$ cat final_0.txt   # compact mmCIF, C-alpha atoms and all ligand atoms
# COMPACT_ATOMS: atom_id res chain seq x y z
CA MET A 44 8.66 5.88 18.61
CA LYS A 45 6.89 8.63 16.69
CA ASP A 46 7.21 8.38 12.88
CA LYS A 47 8.64 4.85 13.07
CA SER A 48 5.29 3.14 12.75
CA PHE A 49 5.21 0.35 10.16
CA LEU A 50 1.71 -0.46 8.94
CA MET A 51 1.58 -4.17 8.32
CA ILE A 52 -2.19 -4.17 7.98
CA PRO A 53 -3.84 -4.94 4.64
CA GLY A 54 -4.45 -1.26 4.00
CA PRO A 55 -3.77 1.53 4.42
CA THR A 56 -0.26 0.49 3.46
CA PRO A 57 3.07 2.38 3.72
CA VAL A 58 3.57 5.29 1.32
CA PRO A 59 6.96 6.16 -0.27
CA GLU A 60 8.45 9.53 0.63
CA SER A 61 8.46 10.65 -3.04
CA VAL A 62 4.70 10.08 -3.12
CA LEU A 63 4.13 11.92 0.17
CA LEU A 64 6.15 14.88 -1.15
CA ALA A 65 4.22 14.93 -4.42
CA MET A 66 0.98 14.97 -2.43
CA ALA A 67 2.16 17.79 -0.19
CA GLN A 68 2.30 20.31 -3.05
CA HIS A 69 -0.22 23.12 -3.29
CA PRO A 70 -3.43 21.92 -4.97
CA ILE A 71 -3.83 22.90 -8.62
CA GLY A 72 -7.08 23.65 -10.45
CA HIS A 73 -8.81 20.51 -11.64
CA ARG A 74 -9.80 22.16 -14.94
CA SER A 75 -6.27 23.45 -15.67
CA SER A 76 -4.19 22.18 -18.60
CA GLU A 77 -1.51 21.23 -16.04
CA PHE A 78 -3.91 18.85 -14.26
CA SER A 79 -5.27 17.54 -17.53
CA ALA A 80 -1.72 16.51 -18.52
CA ILE A 81 -1.34 14.70 -15.18
CA LEU A 82 -4.65 12.92 -15.75
CA GLU A 83 -3.64 11.88 -19.28
CA GLU A 84 -0.51 10.20 -17.93
CA THR A 85 -2.31 8.70 -14.96
CA TYR A 86 -5.15 7.21 -17.02
CA ALA A 87 -2.58 5.62 -19.37
CA ASP A 88 -0.58 4.21 -16.46
CA LEU A 89 -3.72 2.81 -14.83
CA LYS A 90 -4.46 0.90 -18.04
CA TRP A 91 -0.95 -0.50 -17.82
CA LEU A 92 -1.50 -1.61 -14.22
CA PHE A 93 -4.96 -3.07 -14.88
CA GLN A 94 -3.55 -4.73 -18.01
CA THR A 95 -6.43 -3.46 -20.08
CA LYS A 96 -7.34 -1.35 -23.07
CA ASN A 97 -10.57 -0.33 -21.28
CA ASP A 98 -10.74 3.13 -19.71
CA VAL A 99 -10.03 3.11 -15.98
CA PHE A 100 -12.20 5.51 -13.99
CA ILE A 101 -10.96 7.26 -10.87
CA TYR A 102 -13.60 7.76 -8.19
CA THR A 103 -13.22 9.85 -5.07
CA SER A 104 -14.21 7.12 -2.63
CA SER A 105 -12.92 4.10 -0.80
CA GLY A 106 -12.93 0.67 -2.45
CA THR A 107 -16.52 0.02 -1.40
CA GLY A 108 -17.54 3.07 -3.45
CA ALA A 109 -16.12 1.38 -6.55
CA MET A 110 -18.01 -1.82 -5.63
CA GLU A 111 -21.23 0.18 -5.48
CA ALA A 112 -20.22 1.98 -8.70
CA ALA A 113 -19.92 -1.40 -10.39
CA LEU A 114 -23.27 -2.85 -9.41
CA SER A 115 -25.31 0.36 -9.43
CA ASN A 116 -24.45 0.77 -13.12
CA LEU A 117 -25.54 -2.74 -14.03
CA ILE A 118 -28.44 -3.94 -11.90
CA ASN A 119 -32.15 -3.51 -12.51
CA GLU A 120 -34.57 -4.61 -9.81
CA GLY A 121 -35.12 -8.36 -9.87
CA ASP A 122 -31.94 -9.18 -11.83
CA LYS A 123 -30.36 -12.47 -10.86
CA VAL A 124 -26.87 -12.11 -9.38
CA LEU A 125 -24.62 -14.97 -8.32
CA SER A 126 -22.17 -13.96 -5.58
CA LEU A 127 -19.12 -16.13 -4.92
CA VAL A 128 -18.37 -15.62 -1.24
CA ILE A 129 -15.12 -16.71 0.39
CA GLY A 130 -15.15 -14.11 3.16
CA ASN A 131 -16.26 -10.71 4.33
CA PHE A 132 -15.54 -8.83 1.12
CA GLY A 133 -17.17 -11.39 -1.14
CA ASN A 134 -20.24 -11.05 1.05
CA ARG A 135 -20.13 -7.27 0.59
CA TRP A 136 -20.88 -7.75 -3.12
CA ALA A 137 -23.97 -9.76 -2.15
CA LYS A 138 -25.09 -7.05 0.28
CA ILE A 139 -24.69 -4.27 -2.29
CA ALA A 140 -26.53 -6.28 -4.95
CA THR A 141 -29.36 -6.97 -2.47
CA SER A 142 -29.56 -3.26 -1.62
CA LEU A 143 -30.08 -2.55 -5.33
CA GLY A 144 -33.02 -4.96 -5.50
CA ALA A 145 -31.25 -7.88 -7.17
CA ASP A 146 -32.24 -11.49 -6.63
CA VAL A 147 -28.99 -12.70 -5.05
CA GLU A 148 -27.82 -16.29 -4.81
CA LYS A 149 -24.56 -17.17 -3.08
CA ILE A 150 -21.98 -19.88 -3.46
CA GLU A 151 -20.27 -19.71 -0.08
CA VAL A 152 -17.29 -21.58 1.36
CA CYS A 153 -15.75 -21.76 4.84
CA ALA A 154 -13.20 -19.13 5.85
CA GLY A 155 -9.77 -20.07 4.53
CA GLN A 156 -11.04 -21.76 1.37
CA ALA A 157 -11.32 -20.64 -2.26
CA ILE A 158 -14.13 -21.17 -4.76
CA ASP A 159 -14.02 -24.60 -6.37
CA ALA A 160 -14.12 -24.13 -10.16
CA ASP A 161 -16.14 -27.35 -10.60
CA VAL A 162 -18.86 -26.11 -8.22
CA LEU A 163 -19.14 -22.86 -10.16
CA LYS A 164 -19.23 -24.68 -13.48
CA GLN A 165 -21.97 -27.01 -12.29
CA ARG A 166 -24.13 -24.08 -11.13
CA LEU A 167 -23.65 -22.10 -14.32
CA ASP A 168 -24.18 -25.14 -16.54
CA ALA A 169 -27.50 -25.67 -14.76
CA ASP A 170 -28.55 -22.12 -15.69
CA THR A 171 -29.68 -23.12 -19.18
CA ASP A 172 -32.15 -20.21 -19.42
CA LYS A 173 -29.27 -17.79 -18.74
CA GLU A 174 -31.10 -16.16 -15.85
CA ILE A 175 -27.88 -15.24 -14.07
CA LYS A 176 -26.84 -11.86 -15.45
CA ILE A 177 -23.93 -11.05 -13.17
CA VAL A 178 -21.39 -13.05 -11.17
CA THR A 179 -19.53 -11.19 -8.42
CA LEU A 180 -16.28 -12.43 -6.95
CA THR A 181 -13.25 -11.40 -4.96
CA HIS A 182 -9.80 -11.96 -6.36
CA ASN A 183 -7.93 -11.72 -3.07
CA GLU A 184 -10.06 -12.09 0.06
CA THR A 185 -8.51 -9.75 2.62
CA SER A 186 -10.45 -11.13 5.58
CA THR A 187 -8.80 -14.56 5.28
CA GLY A 188 -5.76 -14.22 3.00
CA VAL A 189 -7.09 -16.49 0.26
CA THR A 190 -6.60 -15.83 -3.46
CA ASN A 191 -9.28 -17.27 -5.71
CA PRO A 192 -8.18 -19.04 -8.92
CA LEU A 193 -9.45 -16.04 -10.86
CA LYS A 194 -8.30 -16.94 -14.36
CA GLU A 195 -10.04 -20.30 -14.17
CA LEU A 196 -13.25 -18.88 -12.64
CA ILE A 197 -13.45 -16.09 -15.22
CA ALA A 198 -13.12 -18.61 -18.07
CA ILE A 199 -16.16 -20.50 -16.68
CA ILE A 200 -18.22 -17.31 -16.29
CA LYS A 201 -17.25 -16.23 -19.81
CA GLU A 202 -18.41 -19.54 -21.24
CA HIS A 203 -21.81 -19.06 -19.54
CA GLY A 204 -22.09 -15.48 -20.77
CA ALA A 205 -22.77 -13.61 -17.50
CA VAL A 206 -20.93 -10.38 -16.76
CA SER A 207 -18.10 -10.97 -14.27
CA VAL A 208 -17.60 -8.31 -11.62
CA VAL A 209 -14.31 -8.65 -9.77
CA ASP A 210 -12.99 -7.08 -6.59
CA GLY A 211 -9.28 -6.51 -7.17
CA VAL A 212 -8.88 -4.23 -4.13
CA THR A 213 -5.97 -6.18 -2.63
CA SER A 214 -4.76 -7.86 -5.81
CA ILE A 215 -4.05 -5.08 -8.29
CA GLY A 216 -0.34 -4.29 -8.04
CA ALA A 217 0.29 -7.31 -5.82
CA ILE A 218 -1.06 -10.46 -7.48
CA GLU A 219 -1.25 -11.22 -11.21
CA CYS A 220 -4.56 -9.99 -12.64
CA LYS A 221 -4.84 -9.71 -16.42
CA MET A 222 -8.11 -7.96 -17.15
CA ASP A 223 -8.18 -8.25 -20.94
CA GLU A 224 -6.32 -11.52 -21.40
CA TRP A 225 -8.47 -13.34 -18.86
CA GLY A 226 -11.67 -11.62 -20.00
CA ILE A 227 -12.74 -9.87 -16.79
CA ASP A 228 -15.75 -7.62 -17.46
CA VAL A 229 -15.64 -5.25 -14.50
CA LEU A 230 -12.57 -4.84 -12.29
CA ILE A 231 -12.39 -2.50 -9.30
CA SER A 232 -9.70 -1.52 -6.82
CA GLY A 233 -8.80 0.99 -4.10
CA SER A 234 -5.85 3.32 -3.58
CA GLN A 235 -4.70 2.40 -0.07
CA LYS A 236 -3.43 -1.04 -1.06
CA GLY A 237 -0.98 -2.00 -3.81
CA PHE A 238 -1.01 1.52 -5.25
CA MET A 239 1.21 2.85 -2.43
CA ILE A 240 -0.89 5.97 -1.84
CA PRO A 241 -3.25 6.87 1.03
CA PRO A 242 -6.96 5.99 1.09
CA GLY A 243 -9.43 8.10 -0.87
CA LEU A 244 -9.41 6.93 -4.48
CA ALA A 245 -11.08 3.95 -6.09
CA PHE A 246 -10.82 2.58 -9.61
CA LEU A 247 -13.10 0.81 -12.05
CA ALA A 248 -12.63 -0.54 -15.54
CA ALA A 249 -15.44 -2.08 -17.59
CA SER A 250 -15.45 -4.09 -20.81
CA GLU A 251 -17.63 -3.36 -23.85
CA LYS A 252 -19.83 -6.30 -22.82
CA ALA A 253 -20.34 -4.74 -19.38
CA PHE A 254 -21.15 -1.40 -21.03
CA LYS A 255 -23.87 -3.12 -23.07
CA LEU A 256 -25.49 -4.27 -19.83
CA HIS A 257 -24.99 -0.79 -18.38
CA GLU A 258 -26.99 0.65 -21.28
CA GLN A 259 -29.96 -1.43 -20.10
CA CYS A 260 -29.64 -0.17 -16.51
CA LYS A 261 -32.71 2.00 -15.91
CA HIS A 262 -31.48 3.96 -12.90
CA PRO A 263 -27.68 4.07 -12.79
CA SER A 264 -26.00 5.93 -9.96
CA PHE A 265 -25.60 9.64 -10.68
CA TYR A 266 -22.25 10.28 -8.96
CA PHE A 267 -20.68 7.03 -10.18
CA ASP A 268 -22.30 6.98 -13.64
CA TRP A 269 -20.02 5.05 -16.02
CA SER A 270 -21.15 6.98 -19.10
CA ALA A 271 -20.21 10.32 -17.53
CA TYR A 272 -16.87 8.94 -16.37
CA ARG A 273 -16.03 7.41 -19.73
CA LYS A 274 -16.71 10.71 -21.49
CA SER A 275 -14.48 12.54 -19.02
CA VAL A 276 -11.63 10.02 -19.16
CA ARG A 277 -11.56 10.37 -22.93
CA ALA A 278 -11.21 14.15 -22.50
CA ASN A 279 -8.45 13.76 -19.86
CA SER A 280 -10.81 15.17 -17.30
CA THR A 281 -13.14 14.13 -14.48
CA PRO A 282 -16.90 14.76 -14.21
CA TYR A 283 -16.67 16.43 -10.78
CA THR A 284 -13.97 17.90 -8.53
CA PRO A 285 -11.54 15.06 -7.96
CA ALA A 286 -9.14 14.55 -5.02
CA VAL A 287 -6.46 16.53 -6.88
CA ASN A 288 -3.59 15.88 -4.48
CA LEU A 289 -4.29 12.15 -4.31
CA ILE A 290 -4.24 11.98 -8.09
CA VAL A 291 -0.87 13.80 -8.13
CA ALA A 292 0.33 11.19 -5.61
CA LEU A 293 -1.07 8.39 -7.76
CA ASN A 294 0.71 9.79 -10.80
CA GLU A 295 4.01 9.66 -8.90
CA ALA A 296 3.35 6.17 -7.48
CA LEU A 297 2.48 4.75 -10.89
CA LYS A 298 5.69 6.19 -12.35
CA THR A 299 7.66 4.41 -9.62
CA MET A 300 5.78 1.19 -10.28
CA LYS A 301 6.43 1.38 -14.00
CA LYS A 302 10.12 1.90 -13.33
CA ASP A 303 10.14 -1.18 -11.04
CA GLY A 304 8.25 -3.23 -13.64
CA LEU A 305 5.01 -5.10 -12.95
CA ASP A 306 6.63 -8.51 -13.16
CA ASN A 307 9.23 -7.54 -10.55
CA ILE A 308 6.56 -6.08 -8.28
CA LEU A 309 4.48 -9.25 -8.43
CA LYS A 310 7.55 -11.42 -7.85
CA ARG A 311 8.50 -9.31 -4.84
CA HIS A 312 5.07 -9.84 -3.30
CA ALA A 313 5.30 -13.59 -3.91
CA ARG A 314 8.78 -13.76 -2.38
CA HIS A 315 7.76 -11.79 0.71
CA ALA A 316 4.66 -13.88 1.36
CA LYS A 317 6.63 -17.09 0.89
CA ALA A 318 9.34 -15.94 3.33
CA LEU A 319 6.75 -14.84 5.87
CA ARG A 320 4.82 -18.10 5.62
CA ALA A 321 8.02 -20.11 6.04
CA ALA A 322 8.95 -18.01 9.09
CA ILE A 323 5.51 -18.43 10.70
CA LYS A 324 5.74 -22.20 10.30
CA ALA A 325 9.32 -22.28 11.65
CA ILE A 326 8.17 -20.36 14.74
CA GLY A 327 5.61 -23.12 15.23
CA LEU A 328 2.48 -21.06 14.57
CA GLN A 329 -0.39 -22.25 12.40
CA LEU A 330 -1.28 -20.53 9.15
CA MET A 331 -4.96 -20.11 8.42
CA VAL A 332 -4.39 -20.96 4.75
CA GLU A 333 -2.18 -24.01 4.63
CA ASP A 334 -2.61 -24.70 0.93
CA ASP A 335 0.16 -22.73 -0.81
CA SER A 336 -1.77 -22.74 -4.10
CA ILE A 337 -4.50 -20.43 -2.72
CA ALA A 338 -2.45 -18.53 -0.12
CA SER A 339 -2.40 -14.80 -0.72
CA ASN A 340 0.79 -12.94 -1.64
CA ALA A 341 -0.65 -9.82 -0.02
CA ILE A 342 -2.07 -10.96 3.34
CA THR A 343 -1.05 -13.78 5.69
CA SER A 344 -3.48 -14.88 8.41
CA VAL A 345 -2.01 -16.55 11.48
CA TYR A 346 -3.50 -18.32 14.51
CA PRO A 347 -1.98 -17.33 17.85
CA PRO A 348 -0.31 -20.08 19.90
CA ALA A 349 -2.31 -21.64 22.77
CA GLY A 350 -2.40 -19.42 25.84
CA ILE A 351 -1.47 -16.20 24.04
CA THR A 352 -4.15 -13.87 22.70
CA VAL A 353 -4.35 -11.96 19.45
CA PRO A 354 -4.79 -8.63 21.33
CA ASP A 355 -1.61 -9.39 23.36
CA ILE A 356 0.40 -10.10 20.22
CA ARG A 357 -0.93 -7.00 18.45
CA SER A 358 -0.38 -4.67 21.38
CA THR A 359 3.15 -5.96 22.09
CA LEU A 360 4.11 -5.56 18.43
CA LYS A 361 2.71 -2.04 18.44
CA LYS A 362 4.06 -0.89 21.81
CA ASP A 363 7.52 -2.44 21.67
CA PHE A 364 8.24 -2.49 17.94
CA ASP A 365 5.95 0.10 16.27
CA ILE A 366 4.55 -2.59 13.99
CA VAL A 367 0.80 -2.65 13.38
CA VAL A 368 -0.81 -5.94 12.34
CA ALA A 369 -4.54 -6.44 11.83
CA ASN A 370 -7.00 -8.41 13.89
CA GLY A 371 -9.40 -10.87 12.28
CA GLN A 372 -12.77 -9.53 11.12
CA ASN A 373 -16.25 -10.47 12.38
CA ASP A 374 -16.26 -14.14 13.47
CA LEU A 375 -12.49 -14.25 13.12
CA LYS A 376 -11.93 -11.34 15.53
CA ASP A 377 -9.33 -12.36 18.15
CA LYS A 378 -9.02 -15.75 16.44
CA ILE A 379 -6.38 -14.76 13.86
CA PHE A 380 -4.05 -11.86 13.22
CA ARG A 381 -3.33 -10.69 9.68
CA MET A 382 -0.01 -9.45 8.36
CA GLY A 383 -0.09 -7.39 5.17
CA THR A 384 2.85 -7.52 2.78
CA LEU A 385 1.13 -5.29 0.29
CA GLY A 386 2.59 -2.37 -1.65
CA PHE A 387 5.67 -0.46 -0.47
CA VAL A 388 7.33 -3.32 1.42
CA CYS A 389 10.99 -4.39 1.16
CA ASP A 390 13.00 -7.41 2.36
CA ARG A 391 14.16 -5.48 5.41
CA ASP A 392 10.54 -4.97 6.47
CA ILE A 393 9.90 -8.71 6.35
CA LEU A 394 12.97 -9.48 8.46
CA ALA A 395 12.08 -6.74 10.93
CA ALA A 396 8.51 -8.02 11.19
CA VAL A 397 9.52 -11.63 11.71
CA GLY A 398 12.20 -10.69 14.25
CA SER A 399 9.74 -8.45 16.08
CA LEU A 400 7.06 -11.14 16.08
CA GLU A 401 9.56 -13.57 17.58
CA ALA A 402 10.52 -11.02 20.23
CA ALA A 403 6.86 -10.31 21.05
CA LEU A 404 6.05 -14.02 21.40
CA TYR A 405 9.17 -14.58 23.50
CA LYS A 406 8.15 -11.74 25.80
CA LEU A 407 4.63 -13.18 26.06
CA GLY A 408 6.05 -16.51 27.24
CA TYR A 409 5.71 -18.65 24.11
CA LYS A 410 8.28 -21.45 24.02
CA PHE A 411 9.98 -21.93 20.67
CA GLN A 412 13.39 -21.96 19.11
CA LEU A 413 14.34 -18.31 19.15
CA GLY A 414 15.61 -17.18 15.75
CA ALA A 415 13.95 -20.02 13.82
CA GLY A 416 11.58 -17.64 12.03
CA VAL A 417 14.28 -15.17 11.07
CA LYS A 418 16.43 -18.03 9.79
CA ALA A 419 13.57 -19.34 7.61
CA ALA A 420 12.82 -15.84 6.32
CA ILE A 421 16.47 -15.25 5.41
CA GLU A 422 16.67 -18.60 3.63
CA ASN A 423 13.68 -17.58 1.49
CA LEU A 424 14.74 -14.00 0.85
CA VAL A 425 18.44 -14.25 0.07
C1 LIG B 1 -10.83 -7.18 -0.87
C2 LIG B 1 -11.42 -5.88 -0.40
N1 LIG B 1 -12.53 -5.42 -0.99
C3 LIG B 1 -13.10 -4.29 -0.61
C4 LIG B 1 -12.57 -3.53 0.40
C5 LIG B 1 -13.28 -2.30 0.82
O1 LIG B 1 -12.50 -1.21 0.61
P1 LIG B 1 -12.72 0.13 1.49
O2 LIG B 1 -12.50 -0.22 2.92
O3 LIG B 1 -11.63 0.97 0.89
O4 LIG B 1 -14.06 0.62 1.19
C6 LIG B 1 -11.41 -3.94 1.06
C7 LIG B 1 -10.83 -3.17 2.16
O5 LIG B 1 -10.01 -3.63 2.89
C8 LIG B 1 -10.81 -5.15 0.63
O6 LIG B 1 -9.71 -5.59 1.20
$ encode --input "final_0.txt" --output "structure tokens" --more "lines below"
Ligand SMILES: Cc1ncc(COP(=O)(O)O)c(C=O)c1O
Amino acid sequence: MKDKSFLMIPGPTPVPESVLLAMAQHPIGHRSSEFSAILEETYADLKWLFQTKNDVFIYTSSGTGAMEAALSNLINEGDKVLSLVIGNFGNRWAKIATSLGADVEKIEVCAGQAIDADVLKQRLDADTDKEIKIVTLTHNETSTGVTNPLKELIAIIKEHGAVSVVDGVTSIGAIECKMDEWGIDVLISGSQKGFMIPPGLAFLAASEKAFKLHEQCKHPSFYFDWSAYRKSVRANSTPYTPAVNLIVALNEALKTMKKDGLDNILKRHARHAKALRAAIKAIGLQLMVEDDSIASNAITSVYPPAGITVPDIRSTLKKDFDIVVANGQNDLKDKIFRMGTLGFVCDRDILAAVGSLEAALYKLGYKFQLGAGVKAAIENLV
């Protein structure tokens, strides 16, 4: 049914009507005092969300743009970068670093696992000459639905002295991420996730320590140059023409988030993921991430039952129930389906998704106790 579509993919995510209406207004001049006032508020609210005193830059790009903005402001050719890879997006850091001429080493684990803090510590302890300048890592790996133990990993990187560069694309606004308290040096994110606005903006905050390394970067990116962005943020401006309407939408979304309270937002994500995981198990399906301690509160990856394919499940959910879930990526394509519970999602959405998944599986001939998933979801939500 037109306009009933529910995006349960890990981004883009649903957008509240108040945000859509804010975005639909006529564009205003990006050098006007009116827009400058909006930027002032928005920059302050982004600091609140990133839990940082550092300036948060707004780039007109997708999340990958902010990843490139991070590394292209830090790396000189030949610099040693350690990339912690737990999936597709962790590997993207390694690819970007390689493209910038870095000497990249990876610590890589199988899909569905997180980085082991002891393994990282051992590697960094062995780096007695402090050759490793940068460590890249993903907070929440969207391709698998695993959340790294970020606080613990950052503490280890801090002790070594390298600059930590963190992908918070599907964690900011969904999973606890305390930039200053934990000591993250560079933290990036993207708008189409926990921010409850459409794709098109990306964010980056950098610590003073990261800025010191940036000062040694011989050829920083022009468009993404941190120094230019910092100067502009401090003048409640942007270096170039920004996506004005998306920033107006962001301003509205952040106001809503502040009203809800960050703690409540994070608890809601945790509750939804827990209910969904309980429902999946009650239906008799296998979760990709069975260890609750590393399971994501934003994305749940599920194996299809024997004899039923991922494309069949996805197309039945879409055709019969207007619910869109994501396929697996790369090697995991058609092996898992991924359900996003990220951003503007309420209890009703979880119940509707679980009920619809049951109905789709029932239609596709899977034998299970009908209603078991909904029952488990209700028991975890109410
Ligand atoms: C964890 C993570 N990092 C990076 C990205 C890349 O963001 P984009 O597709 O907006 O460039 C994504 C997108 O899904 C993501 O989930």
$ residues_around --input "final_0.txt" --residues "A:Ala349" --least-positions-apart "3" --cutoff "10 Å" --atoms "all atoms listed in the file" --output "list in words"
Leu328, Tyr346, Thr352 and Tyr409 of chain A
$ write_last_selection --input "final_0.txt" --atoms "C-alpha atoms" --output "PDB file, in the frame of the given file"
ATOM      1  CA  LEU A 328       2.480 -21.060  14.570  1.00  0.00           C
ATOM      2  CA  TYR A 346      -3.500 -18.320  14.510  1.00  0.00           C
ATOM      3  CA  THR A 352      -4.150 -13.870  22.700  1.00  0.00           C
ATOM      4  CA  TYR A 409       5.710 -18.650  24.110  1.00  0.00           C
TER       5      TYR A 409
END
$ closest_residue --input "final_0.txt" --among "A:Asp168, A:Asp122, A:Asp210, A:Asp390" --to "ligand LIG 1 (chain B)" --atoms "all atoms listed in the file"
A:Asp210
$ residues_near_ligand --input "final_0.txt" --ligand "ligand LIG 1 (chain B)" --cutoff "8 Å" --atoms "all atoms listed in the file" --output "PDB file with C-alpha atoms, keeping the file's coordinate frame"
ATOM      1  CA  PRO A  53      -3.840  -4.940   4.640  1.00  0.00           C
ATOM      2  CA  GLY A  54      -4.450  -1.260   4.000  1.00  0.00           C
ATOM      3  CA  SER A 104     -14.210   7.120  -2.630  1.00  0.00           C
ATOM      4  CA  SER A 105     -12.920   4.100  -0.800  1.00  0.00           C
ATOM      5  CA  GLY A 106     -12.930   0.670  -2.450  1.00  0.00           C
ATOM      6  CA  THR A 107     -16.520   0.020  -1.400  1.00  0.00           C
ATOM      7  CA  GLY A 108     -17.540   3.070  -3.450  1.00  0.00           C
ATOM      8  CA  MET A 110     -18.010  -1.820  -5.630  1.00  0.00           C
ATOM      9  CA  PHE A 132     -15.540  -8.830   1.120  1.00  0.00           C
ATOM     10  CA  GLY A 133     -17.170 -11.390  -1.140  1.00  0.00           C
ATOM     11  CA  ARG A 135     -20.130  -7.270   0.590  1.00  0.00           C
ATOM     12  CA  THR A 181     -13.250 -11.400  -4.960  1.00  0.00           C
ATOM     13  CA  HIS A 182      -9.800 -11.960  -6.360  1.00  0.00           C
ATOM     14  CA  ASN A 183      -7.930 -11.720  -3.070  1.00  0.00           C
ATOM     15  CA  GLU A 184     -10.060 -12.090   0.060  1.00  0.00           C
ATOM     16  CA  THR A 185      -8.510  -9.750   2.620  1.00  0.00           C
ATOM     17  CA  SER A 186     -10.450 -11.130   5.580  1.00  0.00           C
ATOM     18  CA  ASP A 210     -12.990  -7.080  -6.590  1.00  0.00           C
ATOM     19  CA  GLY A 211      -9.280  -6.510  -7.170  1.00  0.00           C
ATOM     20  CA  VAL A 212      -8.880  -4.230  -4.130  1.00  0.00           C
ATOM     21  CA  THR A 213      -5.970  -6.180  -2.630  1.00  0.00           C
ATOM     22  CA  SER A 214      -4.760  -7.860  -5.810  1.00  0.00           C
ATOM     23  CA  SER A 232      -9.700  -1.520  -6.820  1.00  0.00           C
ATOM     24  CA  GLY A 233      -8.800   0.990  -4.100  1.00  0.00           C
ATOM     25  CA  SER A 234      -5.850   3.320  -3.580  1.00  0.00           C
ATOM     26  CA  GLN A 235      -4.700   2.400  -0.070  1.00  0.00           C
ATOM     27  CA  PRO A 242      -6.960   5.990   1.090  1.00  0.00           C
ATOM     28  CA  GLY A 243      -9.430   8.100  -0.870  1.00  0.00           C
ATOM     29  CA  ALA A 245     -11.080   3.950  -6.090  1.00  0.00           C
TER      30      ALA A 245
END
$ closest_residue --input "final_0.txt" --among "A:Ile218, A:Leu180, A:Val162, A:Ala145" --to "A:Lys236" --atoms "all atoms listed in the file"
A:Ile218
$ closest_residue --input "final_0.txt" --among "A:Met239, A:Gln259, A:Asp374, A:Ser207" --to "A:Ile308" --atoms "all atoms listed in the file"
A:Met239
